[in-house]
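Undergrad: Supplied structure: protein34.csv, CSV, C-alpha atoms.
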chain,number,residue,atom,x,y,z
A,453,MET,CA,0.0,0.0,0.0
A,454,LYS,CA,1.5,3.4,-1.0
A,455,ILE,CA,1.5,6.3,1.4
A,456,PHE,CA,-1.5,8.2,0.0
A,457,GLU,CA,-3.7,5.0,0.0
A,458,GLU,CA,-2.4,4.3,3.6
A,459,LEU,CA,-3.4,7.8,4.8
A,460,LYS,CA,-6.9,7.2,3.4
A,461,ALA,CA,-7.1,3.8,4.9
A,462,ARG,CA,-6.2,5.2,8.3
A,463,GLY,CA,-8.9,7.9,8.0
A,464,LEU,CA,-6.5,10.8,8.0
A,465,LEU,CA,-7.5,12.7,4.8
A,466,ALA,CA,-10.7,14.8,4.7
A,467,GLN,CA,-10.6,17.6,2.1
A,468,LEU,CA,-8.1,18.0,-0.8
A,469,THR,CA,-7.9,20.7,-3.5
A,470,ASP,CA,-6.1,18.5,-6.1
A,471,GLU,CA,-6.4,14.8,-5.2
A,472,GLU,CA,-4.6,13.3,-8.2
A,473,GLU,CA,-1.7,15.7,-8.1
A,474,ILE,CA,-1.3,15.2,-4.3
A,475,ARG,CA,-1.4,11.4,-4.7
A,476,GLU,CA,1.3,11.6,-7.4
A,477,LEU,CA,3.5,13.9,-5.3
A,478,ILE,CA,3.5,12.1,-2.0
A,479,ASN,CA,3.5,8.6,-3.4
A,480,ASN,CA,6.7,9.5,-5.3
A,481,GLY,CA,8.3,11.3,-2.4
A,482,LYS,CA,8.2,14.7,-4.2
A,483,ALA,CA,6.2,16.7,-1.7
A,484,THR,CA,7.7,19.5,0.3
A,485,PHE,CA,4.9,20.2,2.8
A,486,TYR,CA,4.4,22.2,6.0
A,487,ILE,CA,2.4,22.1,9.1
A,488,GLY,CA,2.2,25.1,11.4
A,489,PHE,CA,2.5,25.0,15.2
A,490,ASP,CA,1.7,28.2,17.2
A,491,PRO,CA,3.7,28.3,20.4
A,492,THR,CA,0.9,28.9,22.8
A,493,ALA,CA,2.6,26.9,25.6
A,494,ASP,CA,6.0,25.6,26.6
A,495,SER,CA,5.2,22.1,25.4
A,496,LEU,CA,3.3,20.3,22.7
A,497,HIS,CA,0.3,18.3,23.8
A,498,VAL,CA,-1.5,15.3,22.4
A,499,GLY,CA,-3.6,17.6,20.2
A,500,HIS,CA,-0.5,18.1,18.2
A,501,PHE,CA,0.3,14.4,18.1
A,502,MET,CA,-1.6,13.5,14.9
A,503,ALA,CA,0.2,16.2,13.0
A,504,LEU,CA,3.6,15.0,14.2
A,505,CYS,CA,2.8,11.4,13.3
A,506,LEU,CA,1.6,12.5,9.9
A,507,MET,CA,4.9,14.3,9.3
A,508,LYS,CA,6.8,11.2,10.3
A,509,ARG,CA,4.8,8.9,8.0
A,510,LEU,CA,5.3,11.2,5.0
A,511,GLN,CA,9.0,11.7,5.7
A,512,GLU,CA,9.5,7.9,5.9
A,513,ALA,CA,7.9,7.8,2.4
A,514,GLY,CA,10.6,10.2,1.1
A,515,ASN,CA,8.8,13.5,1.4
A,516,ARG,CA,10.3,16.6,3.0
A,517,PRO,CA,8.4,18.1,6.0
A,518,ILE,CA,8.7,21.7,7.2
A,519,ALA,CA,7.8,22.3,10.8
A,520,LEU,CA,6.7,25.9,10.9
A,521,LEU,CA,6.9,27.5,14.3
A,522,GLY,CA,4.6,30.4,14.7
A,523,GLY,CA,6.9,33.0,16.3
A,524,GLY,CA,5.0,35.6,14.2
A,525,THR,CA,1.5,34.3,14.0
A,526,GLY,CA,1.7,33.5,17.7
A,527,MET,CA,1.8,37.2,18.4
A,528,VAL,CA,-1.7,37.5,17.0
A,529,GLY,CA,-3.4,34.3,17.9
A,530,ASP,CA,-5.6,32.0,15.9
A,531,PRO,CA,-9.3,32.7,16.4
A,532,SER,CA,-10.4,29.4,14.9
A,533,GLY,CA,-12.9,27.6,17.2
A,534,ARG,CA,-12.6,30.2,20.0
A,535,SER,CA,-15.3,32.3,21.6
A,536,ASP,CA,-12.8,34.7,23.2
A,537,MET,CA,-9.6,36.3,22.4
A,538,ARG,CA,-6.3,34.5,23.3
A,539,THR,CA,-4.1,36.0,26.0
A,540,MET,CA,-1.3,38.0,24.3
A,541,MET,CA,2.2,36.7,25.0
A,542,THR,CA,5.5,38.6,25.0
A,543,THR,CA,8.1,37.9,22.3
A,544,GLU,CA,10.3,36.4,25.0
A,545,ILE,CA,7.7,33.8,26.0
A,546,ILE,CA,6.9,33.0,22.4
A,547,ASP,CA,10.6,32.5,21.5
A,548,GLN,CA,11.1,30.3,24.7
A,549,ASN,CA,8.1,28.2,23.7
A,550,CYS,CA,9.5,27.8,20.2
A,551,GLU,CA,12.7,26.4,21.6
A,552,CYS,CA,10.7,23.8,23.7
A,553,PHE,CA,8.8,22.8,20.6
A,554,LYS,CA,12.1,22.2,18.7
A,555,ARG,CA,13.4,19.7,21.2
A,556,GLN,CA,10.2,17.7,21.3
A,557,MET,CA,9.7,17.6,17.5
A,558,SER,CA,13.1,16.0,17.0
A,559,ARG,CA,11.8,12.8,18.6
A,560,PHE,CA,9.4,12.4,15.6
A,561,ILE,CA,11.2,14.1,12.7
A,562,ASP,CA,14.7,13.6,11.3
A,563,PHE,CA,16.0,17.2,10.8
A,564,SER,CA,19.4,16.1,9.4
A,565,GLU,CA,20.6,17.7,6.2
A,566,GLY,CA,18.0,17.7,3.4
A,567,LYS,CA,15.5,15.5,5.3
A,568,ALA,CA,13.4,18.2,6.9
A,569,LEU,CA,13.3,21.9,7.9
A,570,MET,CA,12.3,23.7,11.0
A,571,VAL,CA,11.4,27.3,10.2
A,572,ASN,CA,10.0,30.2,12.3
A,573,ASN,CA,7.6,32.6,10.6
A,574,ALA,CA,9.0,35.4,12.8
A,575,GLU,CA,11.7,35.6,10.1
A,576,TRP,CA,9.3,37.2,7.6
A,577,LEU,CA,6.3,38.4,9.7
A,578,ARG,CA,7.8,40.4,12.6
A,579,ASP,CA,9.7,42.9,10.3
A,580,LEU,CA,7.0,43.4,7.7
A,581,ASN,CA,6.3,46.9,6.5
A,582,TYR,CA,2.6,47.2,7.0
A,583,ILE,CA,1.9,49.4,3.9
A,584,GLU,CA,4.0,47.2,1.6
A,585,PHE,CA,2.3,44.0,3.0
A,586,LEU,CA,-1.2,45.5,2.4
A,587,ARG,CA,-0.3,46.4,-1.1
A,588,GLU,CA,1.3,43.0,-1.9
A,589,VAL,CA,-1.3,40.7,-0.2
A,590,GLY,CA,-4.4,42.7,0.5
A,591,PRO,CA,-5.8,42.9,-3.1
A,592,HIS,CA,-6.0,39.1,-3.3
A,593,PHE,CA,-8.4,38.8,-0.3
A,594,SER,CA,-12.2,39.5,-0.3
A,595,VAL,CA,-13.4,40.8,3.0
A,596,ASN,CA,-16.9,39.4,2.3
A,597,ARG,CA,-15.4,35.9,1.8
A,598,MET,CA,-13.2,36.2,4.9
A,599,LEU,CA,-16.2,37.1,7.1
A,600,ALA,CA,-18.0,34.1,5.8
A,601,ALA,CA,-15.1,31.7,6.7
A,602,GLU,CA,-15.8,29.0,9.3
A,603,CYS,CA,-12.8,30.0,11.4
A,604,TYR,CA,-14.4,33.4,12.2
A,605,LYS,CA,-18.0,32.4,12.8
A,606,GLN,CA,-17.7,31.7,16.5
A,607,ARG,CA,-15.7,34.8,17.2
A,608,MET,CA,-18.2,37.0,15.3
A,609,GLU,CA,-20.8,36.3,18.0
A,610,LYS,CA,-18.9,38.1,20.7
A,611,GLY,CA,-16.9,40.4,18.5
A,612,LEU,CA,-13.9,39.7,16.3
A,613,SER,CA,-11.0,42.0,16.9
A,614,PHE,CA,-9.1,43.6,14.0
A,615,LEU,CA,-6.0,41.9,15.4
A,616,GLU,CA,-7.5,38.4,15.0
A,617,PHE,CA,-9.0,39.3,11.6
A,618,ASN,CA,-5.5,39.5,10.2
A,619,TYR,CA,-4.6,35.9,11.2
A,620,MET,CA,-6.0,34.4,8.0
A,621,ILE,CA,-3.9,36.7,5.8
A,622,MET,CA,-0.8,36.1,7.9
A,623,GLN,CA,-1.2,32.3,7.7
A,624,SER,CA,-1.8,32.6,3.9
A,625,TYR,CA,1.3,34.7,3.6
A,626,ASP,CA,3.3,31.9,5.4
A,627,PHE,CA,2.5,29.5,2.6
A,628,LEU,CA,3.6,32.1,0.0
A,629,ALA,CA,6.9,32.7,1.9
A,630,LEU,CA,7.6,29.0,2.2
A,631,TYR,CA,6.7,28.4,-1.4
A,632,GLU,CA,9.1,31.1,-2.6
A,633,ARG,CA,11.9,30.3,-0.1
A,634,TYR,CA,11.9,26.5,0.1
A,635,GLY,CA,9.8,25.2,-2.8
A,636,CYS,CA,7.0,24.2,-0.4
A,637,ASN,CA,4.2,22.9,-2.6
A,638,MET,CA,1.8,21.5,-0.1
A,639,GLN,CA,0.2,22.3,3.3
A,640,PHE,CA,-1.5,20.1,5.8
A,641,GLY,CA,-3.7,21.2,8.7
A,642,GLY,CA,-6.8,20.5,10.7
A,643,ASP,CA,-10.3,20.6,9.4
A,644,ASP,CA,-10.8,23.8,11.4
A,645,GLN,CA,-8.0,25.4,9.3
A,646,TRP,CA,-9.6,24.8,5.9
A,647,SER,CA,-10.5,28.5,5.2
A,648,ASN,CA,-7.0,29.7,6.3
A,649,MET,CA,-5.3,27.1,4.2
A,650,LEU,CA,-7.4,27.8,1.1
A,651,GLY,CA,-6.4,31.4,1.5
A,652,GLY,CA,-2.7,30.4,1.2
A,653,THR,CA,-3.3,28.2,-1.9
A,654,GLU,CA,-5.3,30.9,-3.6
A,655,LEU,CA,-2.8,33.6,-2.8
A,656,ILE,CA,0.0,31.7,-4.4
A,657,ARG,CA,-2.0,31.0,-7.5
A,658,ARG,CA,-3.4,34.5,-7.9
A,659,LYS,CA,-0.1,36.3,-7.2
A,660,LEU,CA,2.2,34.0,-9.1
A,661,GLY,CA,-0.1,32.9,-11.9
A,662,LYS,CA,-1.8,29.7,-12.9
A,663,ASP,CA,1.4,27.7,-13.2
A,664,ALA,CA,2.1,28.1,-9.5
A,665,TYR,CA,1.8,24.7,-7.9
A,666,ALA,CA,0.3,24.7,-4.4
A,667,MET,CA,-2.1,22.3,-2.8
A,668,THR,CA,-4.0,21.8,0.4
A,669,ILE,CA,-5.0,18.8,2.5
A,670,THR,CA,-6.8,18.7,5.8
A,671,LEU,CA,-6.7,16.0,8.5
A,672,LEU,CA,-10.0,14.4,9.4
A,673,LEU,CA,-9.8,14.7,13.1
A,674,ASN,CA,-7.3,17.4,13.9
A,675,SER,CA,-9.7,19.8,15.5
A,676,GLU,CA,-11.1,16.8,17.4
A,677,GLY,CA,-7.4,16.1,18.2
A,678,LYS,CA,-7.1,19.5,19.8
A,679,LYS,CA,-9.9,18.5,22.1
A,680,MET,CA,-8.2,15.2,22.6
A,681,GLY,CA,-5.4,17.1,24.2
A,682,LYS,CA,-7.6,18.3,27.1
A,683,THR,CA,-8.9,16.3,30.1
A,684,GLN,CA,-10.9,17.4,33.1
A,685,LYS,CA,-7.6,18.1,34.8
A,686,GLY,CA,-6.1,20.1,32.0
A,687,ALA,CA,-3.9,19.3,29.0
A,688,VAL,CA,-2.0,16.0,28.3
A,689,TRP,CA,1.5,17.2,27.5
A,690,LEU,CA,4.4,15.6,25.6
A,691,ASP,CA,6.8,17.0,28.1
A,692,PRO,CA,7.5,14.3,30.8
A,693,ASN,CA,7.9,17.0,33.5
A,694,LYS,CA,4.3,18.2,32.8
A,695,THR,CA,2.6,14.8,32.1
A,696,SER,CA,4.6,11.8,33.4
A,697,PRO,CA,5.1,8.8,31.0
A,698,PHE,CA,2.8,6.8,33.3
A,699,GLU,CA,0.0,9.5,33.2
A,700,PHE,CA,0.5,9.7,29.4
A,701,TYR,CA,0.2,5.9,29.1
A,702,GLN,CA,-3.0,5.9,31.3
A,703,TYR,CA,-4.5,8.6,29.2
A,704,TRP,CA,-4.5,6.4,26.1
A,705,ARG,CA,-5.3,3.2,28.2
A,706,ASN,CA,-8.5,4.9,29.2
A,707,VAL,CA,-9.8,6.0,25.8
A,708,SER,CA,-13.4,5.0,25.1
A,709,ASP,CA,-14.2,1.7,23.5
A,710,ALA,CA,-15.6,3.6,20.4
A,711,ASP,CA,-12.3,5.4,19.9
A,712,VAL,CA,-9.6,2.8,20.4
A,713,LEU,CA,-9.5,1.4,16.8
A,714,LYS,CA,-9.7,5.0,15.4
A,715,CYS,CA,-6.7,6.0,17.5
A,716,LEU,CA,-4.8,2.9,16.6
A,717,ARG,CA,-5.3,3.7,12.9
A,718,MET,CA,-4.5,7.4,13.0
A,719,LEU,CA,-1.8,7.5,15.6
A,720,THR,CA,0.2,4.3,15.7
A,721,PHE,CA,2.6,2.8,13.0
A,722,LEU,CA,1.1,-0.7,13.3
A,723,PRO,CA,0.1,-2.1,9.9
A,724,VAL,CA,-3.4,-1.3,8.9
A,725,GLU,CA,-4.1,-5.0,8.4
A,726,GLN,CA,-3.1,-5.8,12.0
A,727,ILE,CA,-5.5,-3.1,13.3
A,728,ASP,CA,-8.3,-4.4,11.1
A,729,GLU,CA,-8.0,-7.8,12.7
A,730,MET,CA,-9.0,-6.1,16.0
A,731,SER,CA,-12.3,-4.8,14.7
A,732,ASP,CA,-14.3,-7.6,16.2
A,733,TRP,CA,-12.5,-7.7,19.6
A,734,GLU,CA,-14.8,-7.3,22.6
A,735,GLY,CA,-14.5,-7.3,26.3
A,736,SER,CA,-11.1,-8.2,27.7
A,737,ARG,CA,-9.7,-8.3,24.1
A,738,LEU,CA,-10.8,-4.7,23.7
A,739,ASN,CA,-8.8,-3.8,26.8
A,740,GLU,CA,-5.9,-5.6,25.2
A,741,ALA,CA,-6.2,-3.2,22.2
A,742,LYS,CA,-6.2,-0.2,24.6
A,743,GLU,CA,-3.0,-1.6,26.1
A,744,ILE,CA,-1.4,-1.9,22.7
A,745,LEU,CA,-2.5,1.7,21.9
A,746,ALA,CA,-1.1,3.1,25.1
A,747,TYR,CA,2.2,1.2,24.8
A,748,GLU,CA,2.8,2.2,21.2
A,749,LEU,CA,2.1,5.9,21.7
A,750,THR,CA,4.1,6.1,25.0
A,751,LYS,CA,7.0,4.4,23.1
A,752,LEU,CA,6.8,7.0,20.4
A,753,VAL,CA,6.9,10.0,22.8
A,754,HIS,CA,9.0,8.7,25.7
A,755,GLY,CA,10.9,5.6,24.4
A,756,ASP,CA,10.7,1.8,24.9
A,757,GLU,CA,12.0,1.8,28.5
A,758,GLU,CA,9.4,4.3,29.8
A,759,ALA,CA,6.6,2.6,27.8
A,760,GLY,CA,7.5,-0.8,29.4
A,761,LYS,CA,7.7,0.6,32.9
A,762,SER,CA,4.4,2.4,32.5
A,763,GLN,CA,2.7,-0.7,31.2
A,764,GLU,CA,4.1,-2.8,34.1
A,765,SER,CA,3.0,-0.3,36.6
A,766,ALA,CA,-0.5,0.0,35.2
A,767,ARG,CA,-0.9,-3.8,35.2
A,768,ALA,CA,0.4,-4.1,38.8
A,769,LEU,CA,-1.9,-1.3,40.0
A,770,PHE,CA,-5.1,-2.8,38.4
A,771,ALA,CA,-4.1,-6.3,39.6
A,772,GLY,CA,-4.2,-4.9,43.2
A,773,GLY,CA,-0.4,-4.6,43.6
A,774,ASN,CA,1.8,-1.6,44.0
A,775,ALA,CA,2.9,0.3,40.9
A,776,ALA,CA,6.3,1.7,41.2
A,777,ASP,CA,6.2,4.2,38.4
A,778,MET,CA,2.8,5.9,38.9
A,779,PRO,CA,2.5,9.7,39.3
A,780,ALA,CA,3.6,10.8,42.7
A,781,SER,CA,2.9,13.7,45.0
A,782,ARG,CA,5.0,14.7,48.0
A,783,LEU,CA,3.8,16.0,51.4
A,784,THR,CA,6.0,18.2,53.6
A,785,GLU,CA,6.1,18.4,57.4
A,786,THR,CA,4.1,21.7,57.2
A,787,ASP,CA,1.2,19.7,55.7
A,788,PHE,CA,0.7,18.0,59.1
A,789,SER,CA,-1.2,19.4,62.0
A,790,GLU,CA,-0.3,18.0,65.4
A,791,GLY,CA,1.4,15.1,63.8
A,792,ARG,CA,-1.6,14.1,61.5
A,793,ILE,CA,-3.1,14.8,58.1
A,794,ASP,CA,-6.7,14.0,57.3
A,795,ILE,CA,-7.9,12.3,54.1
A,796,LEU,CA,-9.5,15.4,52.7
A,797,SER,CA,-6.1,17.3,52.9
A,798,VAL,CA,-4.3,14.3,51.3
A,799,LEU,CA,-6.7,14.4,48.4
A,800,VAL,CA,-6.3,18.2,47.9
A,801,LYS,CA,-2.5,18.2,48.5
A,802,SER,CA,-2.0,15.4,46.0
A,803,GLY,CA,-4.1,17.1,43.3
A,804,LEU,CA,-6.7,14.3,43.2
A,805,THR,CA,-9.4,16.9,44.1
A,806,ALA,CA,-9.5,20.7,43.6
A,807,SER,CA,-11.0,21.5,47.0
A,808,ARG,CA,-12.0,20.0,50.4
A,809,SER,CA,-15.6,20.1,49.4
A,810,GLU,CA,-14.9,18.0,46.3
A,811,ALA,CA,-12.8,15.7,48.4
A,812,ARG,CA,-15.6,15.3,51.0
A,813,ARG,CA,-18.1,14.3,48.2
A,814,ALA,CA,-15.6,11.8,46.8
A,815,VAL,CA,-15.2,10.1,50.2
A,816,GLU,CA,-18.8,10.2,51.1
A,817,GLN,CA,-19.7,8.7,47.7
A,818,GLY,CA,-17.3,5.8,48.2
A,819,GLY,CA,-14.9,6.8,45.5
A,820,VAL,CA,-11.7,7.0,47.5
A,821,THR,CA,-9.3,4.2,48.5
A,822,VAL,CA,-5.9,4.2,50.3
A,823,GLU,CA,-3.7,1.2,49.6
A,824,GLY,CA,-6.7,-0.6,48.2
A,825,GLU,CA,-8.9,0.0,51.2
A,826,LYS,CA,-12.0,2.1,50.7
A,827,VAL,CA,-12.2,5.2,52.9
A,828,THR,CA,-15.7,6.3,53.8
A,829,ASP,CA,-15.0,8.5,56.9
A,830,ILE,CA,-13.9,12.0,56.3
A,831,ARG,CA,-12.2,12.1,59.8
A,832,VAL,CA,-9.7,9.4,58.9
A,833,SER,CA,-6.1,10.8,59.3
A,834,TYR,CA,-2.6,9.6,58.9
A,835,ALA,CA,0.8,10.0,60.6
A,836,PRO,CA,4.0,11.2,58.8
A,837,GLU,CA,5.7,7.8,59.1
A,838,GLN,CA,2.9,6.2,57.0
A,839,PHE,CA,4.1,8.2,54.0
A,840,GLU,CA,7.8,7.4,54.3
A,841,GLY,CA,9.5,5.0,51.9
A,842,ASP,CA,7.1,3.9,49.1
A,843,GLY,CA,4.3,6.0,50.7
A,844,LEU,CA,0.6,5.3,50.2
A,845,VAL,CA,-1.3,4.7,47.0
A,846,VAL,CA,-4.3,7.0,47.0
A,847,ARG,CA,-7.0,6.6,44.4
A,848,ARG,CA,-10.0,8.6,43.5
A,849,GLY,CA,-12.4,6.8,41.2
A,850,LYS,CA,-11.2,4.2,38.8
A,851,LYS,CA,-8.7,6.3,36.8
A,852,ASN,CA,-7.1,8.9,39.1
A,853,PHE,CA,-4.4,7.9,41.6
A,854,LYS,CA,-1.2,9.1,43.1
A,855,ARG,CA,1.6,7.6,45.2
A,856,VAL,CA,1.8,10.1,48.1
A,857,THR,CA,5.1,10.2,49.9
A,858,LEU,CA,6.7,12.4,52.5
Using the file provided, produce a representation of the structure as structure tokens.
TA:
Amino acid sequence: MKIFEELKARGLLAQLTDEEEIRELINNGKATFYIGFDPTADSLHVGHFMALCLMKRLQEAGNRPIALLGGGTGMVGDPSGRSDMRTMMTTEIIDQNCECFKRQMSRFIDFSEGKALMVNNAEWLRDLNYIEFLREVGPHFSVNRMLAAECYKQRMEKGLSFLEFNYMIMQSYDFLALYERYGCNMQFGGDDQWSNMLGGTELIRRKLGKDAYAMTITLLLNSEGKKMGKTQKGAVWLDPNKTSPFEFYQYWRNVSDADVLKCLRMLTFLPVEQIDEMSDWEGSRLNEAKEILAYELTKLVHGDEEAGKSQESARALFAGGNAADMPASRLTETDFSEGRIDILSVLVKSGLTASRSEARRAVEQGGVTVEGEKVTDIRVSYAPEQFEGDGLVVRRGKKNFKRVTL
């Protein structure tokens, strides 16, 4: 199966402007393509994961990826899918975040000579002369069409700032700059980016003439992938200091039954045929598929050793044993009052609940265990020596747990 057909079989392609030309280019390793990453945090999260995996797949098929860091567009902020304006960041924070992205991307993409490029759009956006930019790019955009674009609809309800209104033009200009500087002939992005991406394709063709060769592809679930990066407790990061390998493993181990095969197809590098064989798995075999998903993705992000340790810890925990590599939380002597700490404080200090009232409800509803024993009395307390050594495994519900130590 060639790469274009594989991407289709995995459910990764949604909309294309020039399907036959795109098929020809990527199947023959002739595409130079880009995907953009705005540095809104100091780590990539699982919402970026699909894009990184896609870049890796296409590179292994001989194509050349460009990872575009949004040092320029990040100063404006993408309004797509948002009901409010993003918090504006300083250039220092944006540049620091870009450096963090570079380190993480290198786990997925080979940036050695000629294999791939990492480019920052700050190179051409931050020093633009506004009048010259308007004259060069402005005539190629219709305000009426821009206002009708999907990426602006949600923001229009509460008010779209002129700052954000410029984002589509800036992203379109990125494609033009990459086309002229690096011969970039293709762009990939999420289905929520379709309007912005079409703007780039049309800009190249209008400005450079009908012979200009630029194409667009969107990923089927990338906007859903952005939501995938969020949990009730916040984002699931690729940085092990923000989300431990064990927590990362557990995130994928706990995907819904309906999503496990979809995630295996889109995110792992297992053969499509092997994944298709799992389509009739049920019950315990479906849990086995989730273990395979969690292991494969943890291996991609954190390596074989961490994936193996996380899997062993998860199995030990759910078998009623002690998991050595689960997420941990530390108490200090100041957390104890008169030599004791109550269960509500343990839950709050460990981050398993956000408040004492939430902790109280969890205990009273029978959702809290300590070392496998259910705690139903909010007055239960513990001495410092009980948290020494390996500490105590505290669990709230089926999926949230911490090893609490002193």
Undergrad: Give me, please, the distance in Å between CA of Gly841 (chain A) and CA of Arg855 (chain A), quoted to one decimal.
TA: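 For CA of Gly841 (chain A) relative to CA of Arg855 (chain A), the distance reads 10.7 Å.
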Undergrad: List the residues sitting within 7 Å of (2.9, 10.8, 23.4) in the file's frame, using all atoms listed in the file, as a PyMOL selection string.
TA: chain A and resi 498+501+690+700+749-750+752-754
Undergrad: Residues at most 8 Å from Gly524 (chain A), counting only C-alpha atoms, excluding those fewer than 6 positions away in the same chain, as a CSV table (one decimal) with C-alpha atoms, in the coordinates of the input?
TA:
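Generated output (result25.csv):
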chain,number,residue,atom,x,y,z
A,572,ASN,CA,10.0,30.2,12.3
A,573,ASN,CA,7.6,32.6,10.6
A,574,ALA,CA,9.0,35.4,12.8
A,575,GLU,CA,11.7,35.6,10.1
A,577,LEU,CA,6.3,38.4,9.7
A,578,ARG,CA,7.8,40.4,12.6
Undergrad: Give me the residues within 8 Å of Leu796 (chain A) as a ChimeraX atom specification, counting all atoms listed in the file and dropping any in the same chain fewer than 6 places off.
TA: /A:808,811-812,830
Undergrad: Taking a cut-off of 10 Å and counting only C-alpha atoms, can you build a table that, for each residue of region 637-738 of chain A near region 470-473 of chain A, reports the nearest atom pair and how far apart they are in Å (one decimal), sorted by chain then residue number, as JSON lines?
TA:
{"residue": "A:Tyr665", "atom": "CA", "partner": "A:Glu473", "partner_atom": "CA", "distance": 9.7}
{"residue": "A:Ala666", "atom": "CA", "partner": "A:Asp470", "partner_atom": "CA", "distance": 9.1}
{"residue": "A:Met667", "atom": "CA", "partner": "A:Asp470", "partner_atom": "CA", "distance": 6.4}
{"residue": "A:Thr668", "atom": "CA", "partner": "A:Asp470", "partner_atom": "CA", "distance": 7.6}
{"residue": "A:Ile669", "atom": "CA", "partner": "A:Asp470", "partner_atom": "CA", "distance": 8.7}
Undergrad: Counting all atoms listed in the file, figure out which residue out of A:Lys610, A:Lys454, A:Asn637, A:Ser594 gets nearest to Thr484 (chain A).
TA: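 Distance minimum relative to Thr484 (chain A) lands on A:Asn637.
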Undergrad: Given the choices A:Leu506, A:Leu465, A:Leu858, A:Cys603, which gets closest to Thr784 (chain A) if the distance is worked out from only C-alpha atoms?
TA: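 When distances to Thr784 (chain A) are compared using only C-alpha atoms, the smallest one comes from A:Leu858.
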Undergrad: I'd like the contact shell of Glu837 (chain A) - 12 Å cut-off, only C-alpha atoms, skipping same-chain residues fewer than 3 positions apart - returned as a ChimeraX atom specification.
TA: /A:783-785,788,791-793,834,840-844,856-858
Undergrad: For Lys850 (chain A), which of A:Gly526, A:Gly819, A:Pro836, A:Gly652 is the closest residue, counting all atoms listed in the file?
TA: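 Between A:Gly526, A:Gly819, A:Pro836, A:Gly652, the residue approaching Lys850 (chain A) most closely is A:Gly819.
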Undergrad: For a cutoff of 12 Å around the file-coordinate point (-1.3, 30.3, 5.6), which residues qualify once you count only C-alpha atoms? I'd like the result as a ChimeraX atom specification.
TA: /A:486-489,520,522,524-525,530,573,577,589,618-631,636,638-641,645-656,666-668
